[in-house]
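*Asks:* Just final_9.cif, nothing more (mmCIF, C-alpha atoms):
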data_input
#
loop_
_atom_site.label_atom_id
_atom_site.label_comp_id
_atom_site.auth_asym_id
_atom_site.auth_seq_id
_atom_site.Cartn_x
_atom_site.Cartn_y
_atom_site.Cartn_z
CA MET J 282 10.11 -14.00 19.02
CA THR J 283 7.53 -13.13 21.65
CA CYS J 284 3.86 -12.23 21.19
CA ALA J 285 2.99 -8.80 19.79
CA HIS J 286 0.08 -8.40 22.25
CA PRO J 287 1.00 -5.69 24.82
CA GLY J 288 2.48 -7.23 27.96
CA CYS J 289 2.51 -10.79 26.63
CA ARG J 290 5.89 -12.49 26.51
CA THR J 291 4.80 -15.91 25.32
CA TYR J 292 6.55 -17.22 22.24
CA ILE J 293 4.67 -16.74 18.98
CA CYS J 294 2.99 -19.53 17.04
CA GLU J 295 4.23 -20.79 13.73
CA ASP J 296 2.50 -18.06 11.73
CA GLY J 297 1.73 -14.48 12.62
CA PRO J 298 2.97 -12.18 15.35
CA PHE J 299 0.80 -13.57 18.20
CA CYS J 300 0.89 -16.46 20.65
CA PHE J 301 -1.98 -18.97 20.54
CA ARG J 302 -3.89 -17.19 23.32
CA HIS J 303 -3.90 -13.87 21.46
CA ALA J 304 -4.13 -15.19 17.92
CA PRO J 305 -7.32 -14.17 16.11
CA ASP J 306 -7.56 -17.52 14.30
CA LYS J 307 -7.16 -20.03 17.13
CA GLN J 308 -9.22 -22.77 15.50
CA VAL J 309 -7.18 -22.63 12.29
CA LEU J 310 -3.95 -22.81 14.26
CA GLN J 311 -5.17 -25.74 16.33
CA LYS J 312 -6.43 -27.59 13.26
CA ARG J 313 -3.08 -27.09 11.55
CA CYS J 314 -1.29 -28.33 14.66
CA ILE J 315 -3.44 -31.49 14.78
CA GLU J 316 -2.69 -32.09 11.09
CA THR J 317 1.03 -31.68 11.84
CA PHE J 318 0.70 -34.14 14.74
CA LEU J 319 -1.03 -36.73 12.60
CA ASN J 320 1.17 -36.70 9.53
CA GLU J 321 4.36 -38.72 9.47
CA GLU J 322 6.74 -35.83 8.76
CA PRO J 323 9.08 -34.78 11.60
CA MET J 324 7.82 -31.80 13.58
CA VAL J 325 10.71 -29.36 13.88
CA ASP J 326 10.83 -25.88 15.42
CA PHE J 327 7.07 -25.86 16.02
CA SER J 328 5.50 -23.56 18.59
CA LEU J 329 1.97 -23.62 19.99
CA THR J 330 1.33 -22.89 23.66
CA GLY J 331 -1.87 -23.14 25.67
CA SER J 332 -3.89 -25.27 23.27
CA GLU J 333 -5.99 -28.38 24.01
CA PHE J 334 -5.79 -31.76 22.29
CA GLU J 335 -7.92 -34.85 22.77
CA ASP J 336 -8.14 -38.42 21.43
CA LEU J 337 -5.19 -38.49 19.02
CA VAL J 338 -2.82 -41.28 18.05
CA LEU J 339 0.53 -39.93 16.88
CA PRO J 340 2.20 -42.05 14.20
CA LYS J 341 5.68 -42.65 15.71
CA LYS J 342 6.17 -38.90 15.55
CA GLU J 343 9.55 -37.19 15.70
CA ILE J 344 9.23 -33.87 17.53
CA THR J 345 12.37 -31.74 17.71
CA ALA J 346 13.10 -28.27 19.14
CA SER J 347 9.43 -27.49 19.61
CA ASN J 348 7.48 -25.57 22.20
CA LEU J 349 4.17 -27.06 23.39
CA ALA J 350 4.14 -25.55 26.87
CA TRP J 351 0.88 -24.90 28.79
CA CYS J 352 -1.09 -27.32 26.59
CA THR J 353 -3.69 -29.86 27.67
CA PHE J 354 -3.38 -33.39 26.29
CA ARG J 355 -6.23 -35.85 26.95
CA ASN J 356 -6.06 -39.41 25.73
CA ILE J 357 -3.14 -38.80 23.37
CA ASP J 358 -0.98 -41.71 22.27
CA PHE J 359 2.66 -40.60 21.90
CA SER J 360 3.91 -44.21 21.82
CA HIS J 361 7.12 -44.86 19.83
CA SER J 362 7.60 -41.11 19.34
CA THR J 363 10.94 -39.34 19.53
CA LEU J 364 11.02 -36.13 21.55
CA ILE J 365 14.25 -34.15 21.27
CA ASN J 366 14.70 -30.77 22.91
CA THR J 367 10.95 -30.26 23.13
CA PHE J 368 9.20 -28.23 25.81
CA PHE J 369 6.01 -29.61 27.41
CA ASP J 370 6.31 -27.54 30.59
CA TYR J 371 3.20 -26.66 32.64
CA CYS J 372 1.01 -29.01 30.61
CA LEU J 373 -1.80 -31.25 31.73
CA PHE J 374 -1.48 -34.85 30.54
CA GLU J 375 -4.48 -37.05 31.21
CA ARG J 376 -4.66 -40.71 30.11
CA CYS J 377 -1.69 -40.25 27.74
CA LYS J 378 0.50 -43.07 26.48
CA PHE J 379 4.24 -42.60 26.11
CA ASN J 380 5.18 -46.27 25.66
CA SER J 381 8.58 -46.92 24.08
CA ILE J 382 9.31 -43.27 23.43
CA LEU J 383 12.77 -41.79 23.11
CA SER J 384 12.99 -38.52 24.98
CA ARG J 385 16.21 -36.57 25.13
CA TYR J 386 16.81 -33.02 26.43
CA SER J 387 13.04 -32.49 26.71
CA VAL J 388 11.19 -30.63 29.45
CA PHE J 389 7.97 -31.68 31.25
CA SER J 390 8.49 -29.43 34.29
CA GLY J 391 5.50 -28.15 36.25
CA SER J 392 3.13 -30.50 34.41
CA LYS J 393 0.33 -32.53 35.94
CA MET J 394 0.24 -36.14 34.76
CA ILE J 395 -2.79 -38.30 35.53
CA ASP J 396 -3.02 -41.97 34.48
CA CYS J 397 -0.05 -41.68 32.10
CA ASP J 398 2.05 -44.60 30.93
CA PHE J 399 5.74 -44.07 30.11
CA SER J 400 6.73 -47.74 30.37
CA GLY J 401 9.45 -49.26 28.18
CA SER J 402 10.91 -45.88 27.22
CA ILE J 403 14.29 -44.25 26.96
CA ILE J 404 13.90 -40.97 28.78
CA ILE J 405 17.34 -39.49 29.26
CA HIS J 406 18.37 -35.95 30.12
CA THR J 407 14.71 -35.08 30.55
CA ASN J 408 13.37 -32.53 32.98
CA PHE J 409 10.40 -33.56 35.18
CA CYS J 410 11.20 -30.96 37.85
CA GLY J 411 8.09 -30.03 39.86
CA VAL J 412 5.71 -32.45 38.13
CA ASP J 413 2.64 -33.85 39.87
CA THR J 414 2.06 -37.48 38.90
CA TYR J 415 -1.04 -39.48 39.80
CA ARG J 416 -1.27 -43.18 38.88
CA CYS J 417 1.64 -42.98 36.42
CA ASN J 418 3.91 -45.76 35.26
CA PHE J 419 7.59 -45.40 34.30
CA ASN J 420 8.38 -49.14 34.53
CA ASP J 421 11.15 -50.70 32.40
CA SER J 422 12.49 -47.28 31.41
CA ASP J 423 15.95 -45.80 31.18
CA LEU J 424 15.78 -42.55 33.14
CA TYR J 425 19.50 -41.74 32.99
CA PHE J 426 20.22 -38.13 34.08
CA SER J 427 16.51 -37.24 34.26
CA THR J 428 15.38 -34.86 36.96
CA PHE J 429 12.28 -35.30 39.13
CA ASN J 430 13.23 -32.97 41.94
CA SER J 431 10.58 -30.98 43.81
CA SER J 432 7.88 -33.21 42.33
CA TYR J 433 4.75 -34.73 43.92
CA LEU J 434 4.62 -38.43 43.09
CA ARG J 435 1.44 -40.34 43.95
CA ASP J 436 0.69 -44.01 43.11
CA THR J 437 3.54 -43.95 40.61
CA THR J 438 5.84 -46.82 39.76
CA PHE J 439 9.49 -46.76 38.66
CA GLU J 440 10.02 -50.54 38.60
CA ASP J 441 13.01 -52.09 36.85
CA CYS J 442 14.30 -48.68 35.72
CA ASN J 443 17.81 -47.36 35.21
CA LEU J 444 18.02 -44.44 37.63
CA LYS J 445 21.73 -43.69 37.33
CA LYS J 446 22.24 -39.96 37.83
CA ALA J 447 18.47 -39.44 38.01
CA ASP J 448 17.44 -36.80 40.54
CA PHE J 449 14.68 -37.37 43.16
CA VAL J 450 15.80 -34.69 45.63
CA HIS J 451 12.97 -32.93 47.53
CA THR J 452 10.28 -35.15 46.02
CA ASP J 453 7.10 -35.84 47.98
CA GLN J 454 6.40 -39.54 47.43
CA ARG J 455 3.36 -41.57 48.44
CA ARG J 456 2.76 -45.11 47.27
CA VAL J 457 5.76 -44.94 44.92
CA SER J 458 7.57 -48.13 43.97
CA PHE J 459 11.22 -48.38 42.89
CA ARG J 460 11.28 -52.20 42.92
CA TYR J 461 14.17 -53.75 40.92
CA SER J 462 15.53 -50.26 40.08
CA ASN J 463 18.93 -48.88 41.07
CA TYR J 464 17.45 -46.16 43.27
CA GLU J 465 20.72 -46.04 45.24
CA GLU J 466 22.47 -44.62 42.16
CA ALA J 467 20.03 -41.73 41.92
CA ARG J 468 20.33 -38.48 43.86
CA HIS J 469 17.71 -38.52 46.60
CA MET I 121 19.21 -19.52 16.19
CA ASN I 122 19.92 -23.24 16.13
CA ILE I 123 21.16 -24.98 19.27
CA TYR I 124 22.47 -28.55 19.24
CA GLN I 125 23.21 -30.29 22.49
CA HIS I 126 25.95 -32.86 22.85
CA PHE I 127 26.64 -34.98 25.91
CA SER I 128 29.66 -37.07 26.66
CA VAL I 129 30.06 -39.59 29.47
CA VAL I 130 33.64 -38.31 29.81
CA GLY I 131 33.17 -35.57 32.40
CA PHE I 132 29.35 -35.74 31.96
CA CYS I 133 29.47 -32.26 30.42
CA ASN I 134 27.00 -30.76 27.97
CA THR I 135 28.56 -29.10 24.95
CA TYR I 136 26.44 -26.77 22.84
CA LEU I 137 26.82 -26.06 19.15
CA VAL I 138 25.18 -22.75 18.36
CA ALA I 139 24.65 -21.09 15.00
CA SER I 140 22.48 -18.43 13.47
CA LYS I 141 19.71 -19.73 11.19
CA THR I 142 21.07 -17.80 8.24
CA HIS I 143 24.83 -18.35 8.55
CA SER I 144 27.07 -21.36 8.31
CA GLU I 145 29.55 -20.13 10.93
CA ALA I 146 29.06 -21.76 14.31
CA LEU I 147 30.42 -21.60 17.83
CA LEU I 148 30.84 -24.19 20.52
CA ILE I 149 30.24 -23.68 24.23
CA ASP I 150 32.28 -25.79 26.70
CA PRO I 151 33.98 -28.52 24.65
CA GLY I 152 34.29 -30.95 27.56
CA HIS I 153 35.04 -33.87 25.30
CA VAL I 154 35.39 -34.00 21.55
CA ASP I 155 34.31 -37.28 20.01
CA LEU I 156 33.13 -38.48 16.62
CA GLU I 157 29.51 -37.71 17.49
CA LEU I 158 30.32 -34.03 18.07
CA ILE I 159 32.38 -33.76 14.89
CA ASN I 160 29.55 -35.43 12.95
CA LEU I 161 27.12 -32.93 14.43
CA ILE I 162 29.25 -30.04 13.12
CA GLU I 163 29.96 -31.58 9.74
CA SER I 164 26.53 -33.03 8.95
CA ASN I 165 25.04 -29.57 9.40
CA ASN I 166 27.76 -28.05 7.17
CA TYR I 167 28.89 -25.64 9.86
CA HIS I 168 32.22 -23.84 9.85
CA LEU I 169 33.32 -23.86 13.45
CA LYS I 170 34.93 -20.51 14.22
CA HIS I 171 34.70 -19.78 17.95
CA VAL I 172 34.68 -21.51 21.32
CA LEU I 173 33.21 -19.95 24.46
CA LEU I 174 34.30 -21.24 27.86
CA THR I 175 32.02 -20.77 30.86
CA HIS I 176 34.79 -21.50 33.36
CA ARG I 177 38.13 -23.20 33.63
CA HIS I 178 37.20 -26.58 35.15
CA VAL I 179 38.73 -29.50 33.27
CA SER I 180 35.44 -31.23 32.44
CA HIS I 181 34.45 -28.17 30.39
CA ILE I 182 37.67 -27.56 28.45
CA GLU I 183 39.31 -30.95 28.02
CA GLY I 184 38.25 -31.36 24.40
CA LEU I 185 39.81 -28.07 23.35
CA GLY I 186 43.17 -29.58 22.40
CA THR I 187 41.56 -32.03 19.97
CA LEU I 188 39.26 -29.35 18.64
CA GLN I 189 42.13 -26.95 17.87
CA LYS I 190 43.91 -29.67 15.91
CA ILE I 191 40.88 -30.03 13.64
CA TYR I 192 39.43 -26.52 13.44
CA GLY I 193 41.09 -23.11 13.60
CA VAL I 194 38.96 -21.79 16.41
CA THR I 195 39.29 -18.63 18.47
CA VAL I 196 38.79 -19.33 22.16
CA HIS I 197 37.01 -16.85 24.44
CA GLY I 198 37.24 -17.19 28.21
CA SER I 199 36.87 -15.11 31.33
CA SER I 200 39.43 -12.42 32.06
CA PHE I 201 39.64 -13.93 35.57
CA SER I 202 40.94 -17.22 34.15
CA SER I 203 44.47 -18.15 33.30
CA TYR I 204 44.88 -20.83 30.65
CA ASP I 205 48.00 -22.30 29.15
CA PHE I 206 46.71 -21.69 25.63
CA GLU I 207 45.94 -18.53 23.69
CA TYR I 208 42.51 -17.06 24.26
CA GLU I 209 40.64 -13.80 24.06
CA SER I 210 39.44 -12.62 27.42
CA VAL I 211 35.86 -11.53 27.94
CA GLU I 212 34.49 -9.36 30.72
CA ASP I 213 31.19 -8.84 32.47
CA LYS I 214 28.59 -6.91 30.43
CA GLN I 215 30.68 -7.21 27.29
CA VAL I 216 28.70 -7.86 24.11
CA LEU I 217 30.36 -10.09 21.54
CA ASN I 218 29.35 -10.32 17.91
CA LEU I 219 30.39 -13.75 16.72
CA CYS I 220 28.98 -15.95 13.95
CA ASN I 221 26.21 -13.42 13.30
CA LEU I 222 25.06 -13.81 16.91
CA GLN I 223 24.98 -11.18 19.62
CA ILE I 224 26.35 -12.64 22.84
CA GLU I 225 25.95 -10.97 26.20
CA VAL I 226 28.57 -11.90 28.79
CA ILE I 227 27.40 -12.13 32.42
CA HIS I 228 29.81 -12.73 35.27
CA VAL I 229 28.20 -15.00 37.90
CA PRO I 230 30.90 -15.97 40.45
CA GLY I 231 30.41 -18.58 43.15
CA HIS I 232 30.94 -21.99 41.58
CA SER I 233 34.30 -20.60 40.50
CA LEU I 234 35.61 -17.06 40.45
CA ASP I 235 35.73 -17.01 36.65
CA SER I 236 32.21 -18.39 35.99
CA MET I 237 30.62 -16.69 33.01
CA VAL I 238 27.10 -17.06 31.65
CA TYR I 239 26.48 -16.34 27.98
CA LYS I 240 23.12 -14.99 26.85
CA ILE I 241 22.38 -15.53 23.19
CA ASP I 242 18.94 -14.35 22.07
CA HIS I 243 16.47 -15.99 24.53
CA ALA I 244 18.89 -18.66 25.76
CA LEU I 245 21.25 -18.65 28.72
CA PHE I 246 24.26 -20.95 28.72
CA THR I 247 24.93 -21.16 32.42
CA GLY I 248 27.82 -23.62 32.71
CA ASP I 249 27.95 -24.77 36.34
CA THR I 250 26.37 -21.72 37.95
CA LEU I 251 22.72 -22.72 37.60
CA LEU I 252 21.65 -26.29 36.84
CA CYS I 253 18.19 -27.81 36.60
CA GLY I 254 16.66 -27.70 40.09
CA ARG I 255 19.85 -26.76 41.89
CA ILE I 256 22.79 -24.41 41.88
CA GLY I 257 26.36 -25.38 41.05
CA SER I 258 28.60 -26.88 43.70
CA THR I 259 30.67 -24.51 45.78
CA PRO I 260 33.78 -25.04 47.93
CA GLY I 261 32.21 -23.43 51.01
CA TYR I 262 29.22 -21.58 52.45
CA ARG I 263 30.60 -18.14 51.59
CA GLU I 264 30.91 -19.09 47.95
CA GLN I 265 27.41 -20.60 48.09
CA ALA I 266 25.98 -17.32 49.40
CA LEU I 267 27.90 -15.45 46.70
CA LEU I 268 26.56 -17.77 44.01
CA ILE I 269 22.94 -17.46 45.18
CA ASN I 270 23.27 -13.69 45.33
CA SER I 271 24.85 -13.58 41.89
CA ILE I 272 22.12 -15.78 40.40
CA ASN I 273 19.33 -13.73 41.97
CA GLN I 274 20.82 -10.43 40.89
CA ARG I 275 22.04 -11.33 37.43
CA LEU I 276 19.91 -14.20 36.11
CA MET I 277 16.54 -14.34 37.86
CA ASN I 278 15.52 -10.96 36.44
CA PHE I 279 15.37 -12.29 32.91
CA ASP I 280 12.04 -13.08 31.32
CA GLU I 281 10.38 -16.24 32.70
CA ASN I 282 10.43 -17.90 29.27
CA THR I 283 14.20 -17.57 28.91
CA LEU I 284 15.69 -20.99 28.25
CA ILE I 285 18.54 -22.28 30.38
CA PHE I 286 21.12 -24.67 28.96
CA PRO I 287 23.38 -25.80 31.82
CA GLY I 288 26.80 -27.45 31.73
CA HIS I 289 25.42 -30.63 33.29
CA GLY I 290 21.96 -32.17 33.28
CA THR I 291 18.76 -31.16 31.59
CA ALA I 292 17.60 -27.94 29.95
CA THR I 293 15.22 -25.74 31.90
CA LYS I 294 13.64 -22.26 31.99
CA ILE I 295 13.86 -19.26 34.31
CA ARG I 296 10.24 -19.78 35.43
CA ILE I 297 10.94 -23.41 36.32
CA GLU I 298 13.95 -22.44 38.41
CA ARG I 299 12.03 -19.65 40.15
CA MET I 300 9.37 -22.16 41.17
CA PHE I 301 11.22 -25.39 41.83
CA ASN I 302 14.90 -24.72 42.49
CA HIS I 303 15.22 -25.74 46.12
CA ASP I 304 18.64 -24.19 46.59
CA LEU I 305 17.28 -20.81 45.56
CA LEU I 306 13.98 -21.24 47.42
CA GLN I 307 15.58 -22.21 50.71
CA LEU I 308 18.44 -19.80 50.72
CA GLY I 309 17.62 -17.03 48.30
CA THR I 310 15.29 -14.08 48.39
CA ILE I 311 13.52 -14.51 45.07
CA GLN I 312 9.78 -14.14 44.87
CA THR I 313 8.07 -17.43 44.20
CA GLU I 314 4.63 -18.53 43.13
CA ARG I 315 5.21 -21.99 44.51
CA GLU I 316 3.30 -21.53 47.75
CA HIS I 317 0.08 -20.91 45.81
CA TRP I 318 0.81 -23.36 43.03
CA ARG I 319 -1.22 -26.28 44.42
CA ASP I 320 -3.99 -24.32 46.18
CA GLU I 321 -6.66 -25.80 43.96
CA GLU I 322 -6.15 -29.32 45.28
#
Reformat the file's structure so that it appears as structure tokens.
*Replies:*
Amino acid sequence: MTCAHPGCRTYICEDGPFCFRHAPDKQVLQKRCIETFLNEEPMVDFSLTGSEFEDLVLPKKEITASNLAWCTFRNIDFSHSTLINTFFDYCLFERCKFNSILSRYSVFSGSKMIDCDFSGSIIIHTNFCGVDTYRCNFNDSDLYFSTFNSSYLRDTTFEDCNLKKADFVHTDQRRVSFRYSNYEEARH
Amino acid sequence: MNIYQHFSVVGFCNTYLVASKTHSEALLIDPGHVDLELINLIESNNYHLKHVLLTHRHVSHIEGLGTLQKIYGVTVHGSSFSSYDFEYESVEDKQVLNLCNLQIEVIHVPGHSLDSMVYKIDHALFTGDTLLCGRIGSTPGYREQALLINSINQRLMNFDENTLIFPGHGTATKIRIERMFNHDLLQLGTIQTEREHWRDEE
């Protein structure tokens, strides 16, 4: 379902006929979303686009089939979370931790990632197409079948990673390290 | 609508289990390989598998059909341009199917193969090998590549930017992402793109 506001085609939030941007009760929606983030129940089929979150530690959260596109995440700890079929496209991630996460069929396309740590994770079938990364770390991760094409990678490390079937075509790389990774098995 | 994605290392094909939220009947798109994990996915959700949609006739997308038909009594739907050695109901461009309480729009997008079909269900496109994440499907020659790019631009790129794309191989994506970052379409196609202004703020 898309937003009832004329001309807006963003998906609606959990409650009501509007997207977050056009919802009359933004603060209530955001508060409810933070509560959902912080409890230990799995987050399934959740939608909230364009919101901002700061200084949260998620408790090994399981997020499935959810839409969190166009959000801003600052200093959020997603460590040990499970992200299945979840959309984080066109987000801003600043100082976020994704250590030891399991990500499958999720989408981070078009996002900007600054000082983010994905190390020790299983990130398979995940879409990073067109991301801009600055000082990010994907070390010791399994990136099987994940796509980074058309991305800008700066001061980012992919050391000791599994890059089989990963896609680095048309990436703009500066100060990027693939040490001890099977870069030759990736598309590039 | 509920969409479950299944991946098998045999053929590296994505298979999608799709069902309406209110009904127990389900359909499968491209059964490339049927294994215990896929059967568990169907059974643990208490779905009654009724239909199979084929995007095109390549082996990696249909190989599991034999096993599937031994277990479930499914009706197979494939392109009218295909010829299979099993019984199937042919579908044509612009046809609308009503299966499992879902309305399915059939879109013919030739190029990767002559019989390539894309299925639009609600806000999701199941593109098979026509449009993948960040690239287009492989083609046997440059004429077919031009045909595929034209077909994608004319038939798929006009959909809403939030339309989800579930390809036959690789990761899920969206129309907006492909408009901005798909190099095959950007280099060779004629679509309008916001990419050139995307990083102006830097």
*Asks:* Residues of chain J within 9 Å of chain I, counting only C-alpha atoms, what are they? List them as a list in words.
*Replies:* Met282, Arg290, Thr291, Tyr292, Ala346, Asn366, Phe368, Asp370, Arg385, Tyr386, Ser387, Val388, Ser390, Gly391, Ile405, His406, Thr407, Asn408, Cys410, Gly411, Phe426, Ser427, Thr428, Phe429, Asn430, Ser431, Ser432, Val450 and His451 of chain J
*Asks:* One decimal, Å: what's the distance from atom CA of J:Ile315 over to atom CA of J:Cys284, could you say?
*Replies:*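 These atoms are spaced 21.6 Å apart.
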*Asks:* List the spatial neighbours of I:Val138 as a ChimeraX atom specification - criterion: any atom at most 8 Å away, all atoms listed in the file, same-chain residues fewer than 2 positions off excluded.
*Replies:* /I:121-124,136,140,146-149
*Asks:* Grab the atom CA of I:Lys190 to atom CA of I:Asn221 distance for me, in Å with one decimal place.
*Replies:*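 Pair atom CA of I:Lys190 / atom CA of I:Asn221 returns 24.2 Å.
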*Asks:* Using all atoms listed in the file, which protein or nucleic acid residues come within 10 Å of I:Val130? Drop anything in the same chain fewer than 4 positions from it, and give the result as an mmCIF file with C-alpha atoms, in the coordinates of the input.
*Replies:*
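Generated output (around23.cif):
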data_model
loop_
_atom_site.group_PDB
_atom_site.id
_atom_site.type_symbol
_atom_site.label_atom_id
_atom_site.label_comp_id
_atom_site.auth_asym_id
_atom_site.auth_seq_id
_atom_site.Cartn_x
_atom_site.Cartn_y
_atom_site.Cartn_z
ATOM 1 C CA GLY I 152 34.290 -30.950 27.560
ATOM 2 C CA HIS I 153 35.040 -33.870 25.300
ATOM 3 C CA VAL I 154 35.390 -34.000 21.550
ATOM 4 C CA ASP I 155 34.310 -37.280 20.010
ATOM 5 C CA SER I 180 35.440 -31.230 32.440
ATOM 6 C CA GLU I 183 39.310 -30.950 28.020
ATOM 7 C CA GLY I 184 38.250 -31.360 24.400
#
*Asks:* What is the distance between atom CA of I:Cys133 and atom CA of J:Pro323, in Å to one decimal?
*Replies:*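 A separation of 27.9 Å between them.
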*Asks:* Would you place a box with edges along x, y and z of the file around all atoms of stretch 199-211 of chain I listed there, add 5 Å to each of its six sides, and report the centre and edge lengths in Å to one decimal, as lines of an AutoDock Vina configuration file?
*Replies:*
center_x = 41.9
center_y = -16.9
center_z = 29.6
size_x = 22.1
size_y = 20.8
size_z = 21.9
*Asks:* For J:Phe399, list every protein, DNA or RNA residue within 12 Å, evaluated using all atoms listed in the file, and leave out those in the same chain fewer than 5 positions away; present the list as a ChimeraX atom specification.
*Replies:* /J:358-362,374,376-384,394,404,414,416-424,437-440,442
*Asks:* List the residues matched by the PyMOL selection byres ((chain I and resi 144) around 6) in the displayed structure as a PyMOL selection string, ordered by chain and then by residue number.
*Replies:* chain I and resi 143+145+167-168
*Asks:* Evaluate the PyMOL selection byres ((chain J and resi 329-339) around 10) here and jot the selected residues down as a PDB file with C-alpha atoms, in the frame of the given file.
*Replies:*
ATOM      1  CA  THR J 291       4.800 -15.910  25.320  1.00  0.00           C
ATOM      2  CA  TYR J 292       6.550 -17.220  22.240  1.00  0.00           C
ATOM      3  CA  ILE J 293       4.670 -16.740  18.980  1.00  0.00           C
ATOM      4  CA  CYS J 294       2.990 -19.530  17.040  1.00  0.00           C
ATOM      5  CA  GLU J 295       4.230 -20.790  13.730  1.00  0.00           C
ATOM      6  CA  ASP J 296       2.500 -18.060  11.730  1.00  0.00           C
ATOM      7  CA  CYS J 300       0.890 -16.460  20.650  1.00  0.00           C
ATOM      8  CA  PHE J 301      -1.980 -18.970  20.540  1.00  0.00           C
ATOM      9  CA  ARG J 302      -3.890 -17.190  23.320  1.00  0.00           C
ATOM     10  CA  LYS J 307      -7.160 -20.030  17.130  1.00  0.00           C
ATOM     11  CA  GLN J 308      -9.220 -22.770  15.500  1.00  0.00           C
ATOM     12  CA  LEU J 310      -3.950 -22.810  14.260  1.00  0.00           C
ATOM     13  CA  GLN J 311      -5.170 -25.740  16.330  1.00  0.00           C
ATOM     14  CA  LYS J 312      -6.430 -27.590  13.260  1.00  0.00           C
ATOM     15  CA  CYS J 314      -1.290 -28.330  14.660  1.00  0.00           C
ATOM     16  CA  ILE J 315      -3.440 -31.490  14.780  1.00  0.00           C
ATOM     17  CA  THR J 317       1.030 -31.680  11.840  1.00  0.00           C
ATOM     18  CA  PHE J 318       0.700 -34.140  14.740  1.00  0.00           C
ATOM     19  CA  LEU J 319      -1.030 -36.730  12.600  1.00  0.00           C
ATOM     20  CA  ASN J 320       1.170 -36.700   9.530  1.00  0.00           C
ATOM     21  CA  GLU J 321       4.360 -38.720   9.470  1.00  0.00           C
ATOM     22  CA  PHE J 327       7.070 -25.860  16.020  1.00  0.00           C
ATOM     23  CA  SER J 328       5.500 -23.560  18.590  1.00  0.00           C
ATOM     24  CA  PRO J 340       2.200 -42.050  14.200  1.00  0.00           C
ATOM     25  CA  LYS J 341       5.680 -42.650  15.710  1.00  0.00           C
ATOM     26  CA  LYS J 342       6.170 -38.900  15.550  1.00  0.00           C
ATOM     27  CA  GLU J 343       9.550 -37.190  15.700  1.00  0.00           C
ATOM     28  CA  SER J 347       9.430 -27.490  19.610  1.00  0.00           C
ATOM     29  CA  ASN J 348       7.480 -25.570  22.200  1.00  0.00           C
ATOM     30  CA  LEU J 349       4.170 -27.060  23.390  1.00  0.00           C
ATOM     31  CA  ALA J 350       4.140 -25.550  26.870  1.00  0.00           C
ATOM     32  CA  TRP J 351       0.880 -24.900  28.790  1.00  0.00           C
ATOM     33  CA  CYS J 352      -1.090 -27.320  26.590  1.00  0.00           C
ATOM     34  CA  THR J 353      -3.690 -29.860  27.670  1.00  0.00           C
ATOM     35  CA  PHE J 354      -3.380 -33.390  26.290  1.00  0.00           C
ATOM     36  CA  ARG J 355      -6.230 -35.850  26.950  1.00  0.00           C
ATOM     37  CA  ASN J 356      -6.060 -39.410  25.730  1.00  0.00           C
ATOM     38  CA  ILE J 357      -3.140 -38.800  23.370  1.00  0.00           C
ATOM     39  CA  ASP J 358      -0.980 -41.710  22.270  1.00  0.00           C
ATOM     40  CA  PHE J 359       2.660 -40.600  21.900  1.00  0.00           C
ATOM     41  CA  SER J 360       3.910 -44.210  21.820  1.00  0.00           C
ATOM     42  CA  HIS J 361       7.120 -44.860  19.830  1.00  0.00           C
ATOM     43  CA  SER J 362       7.600 -41.110  19.340  1.00  0.00           C
ATOM     44  CA  PHE J 368       9.200 -28.230  25.810  1.00  0.00           C
ATOM     45  CA  PHE J 369       6.010 -29.610  27.410  1.00  0.00           C
ATOM     46  CA  ASP J 370       6.310 -27.540  30.590  1.00  0.00           C
ATOM     47  CA  TYR J 371       3.200 -26.660  32.640  1.00  0.00           C
ATOM     48  CA  CYS J 372       1.010 -29.010  30.610  1.00  0.00           C
ATOM     49  CA  LEU J 373      -1.800 -31.250  31.730  1.00  0.00           C
ATOM     50  CA  PHE J 374      -1.480 -34.850  30.540  1.00  0.00           C
ATOM     51  CA  GLU J 375      -4.480 -37.050  31.210  1.00  0.00           C
ATOM     52  CA  ARG J 376      -4.660 -40.710  30.110  1.00  0.00           C
ATOM     53  CA  CYS J 377      -1.690 -40.250  27.740  1.00  0.00           C
ATOM     54  CA  LYS J 378       0.500 -43.070  26.480  1.00  0.00           C
TER      55      LYS J 378
END
*Asks:* Do you know which residues are at most 6 Å from J:Asp436 counting all atoms listed in the file, after dropping those on the same chain fewer than 4 positions away, and could you put them as a tab-separated table (two decimals) with C-alpha atoms, in the coordinates of the input?
*Replies:*
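around-v6.tsv written:
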chain	number	residue	atom	x	y	z
J	415	TYR	CA	-1.04	-39.48	39.80
J	416	ARG	CA	-1.27	-43.18	38.88
J	456	ARG	CA	2.76	-45.11	47.27
J	457	VAL	CA	5.76	-44.94	44.92
*Asks:* Step by step: start from the point (42.0, -29.4, 22.0) in the file's coordinates, keep every protein, DNA or RNA residue that has an atom no farther than 12 Å from it, count all atoms listed in the file, and write the set as a PyMOL selection string.
*Replies:* chain I and resi 150-155+172+179+181-196+205-207
*Asks:* Rank J:Thr367, J:Ser458, J:Thr452, J:Ser402 by their smallest atom-to-atom distance to J:Leu434, using only C-alpha atoms, and report the top residue only.
*Replies:*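 Between J:Thr367, J:Ser458, J:Thr452, J:Ser402, the residue approaching J:Leu434 most closely is J:Thr452.
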*Asks:* I want to know what sits within 7 Å of I:Glu225, based on all atoms listed in the file, with residues of the same chain fewer than 2 positions away left out; could you give that as a list in words?
*Replies:*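 Near neighbours after the sequence-gap exclusion: Lys214, Gln215, Val216, Leu217, Gln223, Ile227, Tyr239, Lys240 and Ile241 of chain I.
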*Asks:* Once the PyMOL selection byres ((chain I and resi 278) around 12) has been applied to the shown file, what residues remain in the selection, as a list in words?
*Replies:*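 Output from the PyMOL selection byres ((chain I and resi 278) around 12), applied to this file: Ser271, Ile272, Asn273, Gln274, Arg275, Leu276, Met277, Phe279, Asp280, Glu281, Asn282, Thr283, Ile295, Arg296, Glu298, Arg299, Ile311 and Gln312 of chain I.
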